[in-house]
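S.K.: Dropping the structure in here first, questions after.
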Amino acid sequence: MLNKKKAAAIQGLNISVEQMSEAELKKYEFALNAFVESFPLQETGLKSALGGRDYGSLANWLIGVADMLKEINADGLMAECKDFAAYLSKTEYLSNTVIEARLTAVLSDITALSIDIQMVIYDNRPEAAAGAAAARSGGQKLILAVDDVALFLQTLKTNLAGSPYKLVCVTSGADALRFIATKEPDLFILDLEMPGMDGYELARRIKEQKIFAPIIFLTGNANREYVVKALQVGAADFLVKPIDKKQVLSRIASLIGE
């Protein structure tokens with residue numbers, strides 16, 4: 001059953017779940033599940049239309065996504081999709097570069113929302129375990145980031161510059177295991193899809209070392225099986241690429257403080 005307290009914390013949903021009856025909450029949970037199931041298909045349609053530069057079809061897909069978002073009261077994202085569709089329908093000169101950048105941003109926001117919803121629906125850990133971890137007191141908090149794309153790690157360094165965290169970056173699971181053999185991070189940021197040892201396997205290996213610092217997974221995939229599998233290996237949160245500074249700092253602070 002949907003947890004009212006956790007559901008109320010999902011950003012981007014303009015609805016008061018605390019006031020719902022059990023019947024209303026069950027109906028809303030059904031709508032959230034329908035959104036989670038439908039979004040990957042919608043995303044495929046959007047990307048296909050963009051790839052074919054079929055902007056009329058892209059506008060239609062955006063309207064369909066907006067209708068889907070309306071059902072779960074995601075008013076901000078619904079308005080963004082409608083505005084985007086109107087832009088495609090009314091603007092004479094269309095730049096594919098601009099359209100691709102805007103679609104990437106919209107899909108990132110919707111993916112993040114889908115993952116947040118799934119965390120509430122499928123994560124049955126006690127709230128204390130799912131919330132802020134007990135970080136070591138005093139000193140600078142150590143974060144280990146693992147991603148095979150060096151450019152992303154540089155972006156993460158830029159976002160955390162001037163923050164109260166010390167960031168160490170490595171590009172493989174093997175390098176991460178060598179690092180934790182001598183030092184214990186306060187938090188991990190792991191890419192899910194990496195060659196050799198992926199993020200799921202690395203998370204399991206970290207737990208085998210009796211290190212229970214929270215893990216944030218990096219992903220661009222909101223498919224149910226990916227999210228549930230990540231939760232099963234200990235995901236405390238997710239970041240959706242492309243990331244922004246506010247999102248990164250907010251999610252890190254919620255887990256290990258500042």
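All residue names refer to the structure tokens as shown: chains lettered A, B, ... in order, residues numbered from 1 in each chain, ligands numbered from 1 in order.
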Can you tell me, as a ChimeraX atom specification, which residues in stretch 12-237 of chain A count as strand (DSSP E or B) by DSSP?

M.R.: /A:141-146,165-170,187-191,215-219,235-237

S.K.: Applying 10 Å and only C-alpha atoms, which residues near A:Val120 remain after dropping the ones on its own chain fewer than 5 positions away? List them as a PyMOL selection string.

M.R.: chain A and resi 1-10+115

S.K.: Please report, as a PyMOL selection string, each residue of stretch 10-245 of chain A to which DSSP assigns alpha helix (DSSP H) when run on this structure's backbone.

M.R.: chain A and resi 22-51+55-71+75-90+96-122+127-130+150-160+173-180+199-208+224-232+245

S.K.: Listing only residues of stretch 116-196 of chain A within 10 Å of stretch 30-42 of chain A, what is the closest atom pair and its distance in Å (to one decimal) for each, using only C-alpha atoms, sorted by chain and residue number ascending, as JSON lines?

M.R.:
```
{"residue": "A:Ile117", "atom": "CA", "partner": "A:Leu32", "partner_atom": "CA", "distance": 7.2}
{"residue": "A:Gln118", "atom": "CA", "partner": "A:Val36", "partner_atom": "CA", "distance": 7.5}
{"residue": "A:Ile121", "atom": "CA", "partner": "A:Asn33", "partner_atom": "CA", "distance": 8.4}
```

S.K.: For the selection you just gave me, I'd like the residues written to a file as a short mmCIF file (atom, residue, chain, number, x, y, z; two decimals), in the first residue's frame, keeping all heavy atoms.

M.R.:
```
data_model
loop_
_atom_site.label_atom_id
_atom_site.label_comp_id
_atom_site.auth_asym_id
_atom_site.auth_seq_id
_atom_site.Cartn_x
_atom_site.Cartn_y
_atom_site.Cartn_z
N ILE A 117 8.72 8.16 -7.72
CA ILE A 117 7.45 7.47 -7.46
C ILE A 117 7.69 6.00 -7.15
O ILE A 117 7.13 5.43 -6.21
CB ILE A 117 6.50 7.64 -8.65
CG1 ILE A 117 6.01 9.08 -8.75
CG2 ILE A 117 5.30 6.68 -8.54
CD1 ILE A 117 5.27 9.39 -10.04
N GLN A 118 8.55 5.38 -7.95
CA GLN A 118 8.83 3.96 -7.75
C GLN A 118 9.52 3.71 -6.41
O GLN A 118 9.28 2.68 -5.77
CB GLN A 118 9.69 3.44 -8.90
CG GLN A 118 8.91 3.38 -10.21
CD GLN A 118 9.76 2.89 -11.35
OE1 GLN A 118 10.09 1.71 -11.42
NE2 GLN A 118 10.11 3.78 -12.26
N ILE A 121 6.74 3.57 -3.96
CA ILE A 121 5.87 2.40 -4.11
C ILE A 121 6.56 1.10 -3.73
O ILE A 121 5.98 0.24 -3.06
CB ILE A 121 5.33 2.31 -5.55
CG1 ILE A 121 4.41 3.50 -5.84
CG2 ILE A 121 4.59 0.99 -5.78
CD1 ILE A 121 3.94 3.57 -7.29
#
```

S.K.: Which residues come within 9 Å of A:Gly12, counting only C-alpha atoms, excluding same-chain residues fewer than 5 positions away, as a count of residues only?

M.R.: 6

S.K.: Point out the residue among A:Pro242, A:Gly51, A:Gly220, A:Gly196 with the least atom-to-atom distance to A:Phe152, counting only C-alpha atoms.

M.R.: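 Of the candidates, the smallest distance to A:Phe152 is held by A:Pro242.
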
S.K.: Could you pull the residues within 9 Å of A:Met119, counting only C-alpha atoms, minus those fewer than 6 positions along the same chain, as a short mmCIF file (atom, residue, chain, number, x, y, z; two decimals) with N, CA, C and O atoms, in the first residue's frame?

M.R.:
```
data_model
loop_
_atom_site.label_atom_id
_atom_site.label_comp_id
_atom_site.auth_asym_id
_atom_site.auth_seq_id
_atom_site.Cartn_x
_atom_site.Cartn_y
_atom_site.Cartn_z
N VAL A 227 14.82 -0.01 -11.69
CA VAL A 227 14.66 0.67 -10.41
C VAL A 227 14.52 -0.33 -9.26
O VAL A 227 15.17 -0.20 -8.21
N VAL A 228 13.67 -1.34 -9.44
CA VAL A 228 13.46 -2.34 -8.39
C VAL A 228 14.76 -3.08 -8.09
O VAL A 228 15.11 -3.32 -6.93
N LEU A 231 16.97 -0.90 -6.01
CA LEU A 231 16.51 -0.86 -4.62
C LEU A 231 16.89 -2.14 -3.88
O LEU A 231 17.26 -2.10 -2.70
N ALA A 236 19.78 4.15 -2.07
CA ALA A 236 19.16 5.10 -1.15
C ALA A 236 18.49 6.24 -1.92
O ALA A 236 17.56 6.86 -1.43
N ASP A 237 18.98 6.48 -3.14
CA ASP A 237 18.41 7.54 -3.97
C ASP A 237 18.96 7.37 -5.39
O ASP A 237 19.81 6.51 -5.65
#
```

S.K.: Expressed in Å to a single decimal, how great is the separation between atom CA of A:Val233 and atom CA of A:Thr104?

M.R.: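 Computed distance, atom CA of A:Val233 to atom CA of A:Thr104, equals 28.0 Å.
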
S.K.: So, counting only C-alpha atoms, which residue among A:Leu177, A:Leu142, A:Leu249, A:Leu192 is closest to A:Ala213?

M.R.: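 Closest to A:Ala213 of all the choices is A:Leu142.
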
S.K.: Find the spatial neighbours of A:Gln140, counting only C-alpha atoms, within a cut-off of 12 Å - ignore same-chain residues fewer than 5 positions away - and output them as a list in words.

M.R.: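 Close residues of A:Gln140: Ala135, Ser163, Pro164, Tyr165, Lys166, Leu167, Pro185, Asp186, Leu187, Ile256, Gly257 and Glu258 of chain A.
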
S.K.: Taking only C-alpha atoms into account, which of A:Met197, A:Leu58, A:Leu13, A:Leu255 comes nearest A:Lys141?

M.R.: A:Leu255

S.K.: I need the residue nearest A:Asp191 from this list: A:Ala174, A:Ile110, A:Ala235, A:Ala145. Use only C-alpha atoms for the distance.

M.R.: A:Ala145
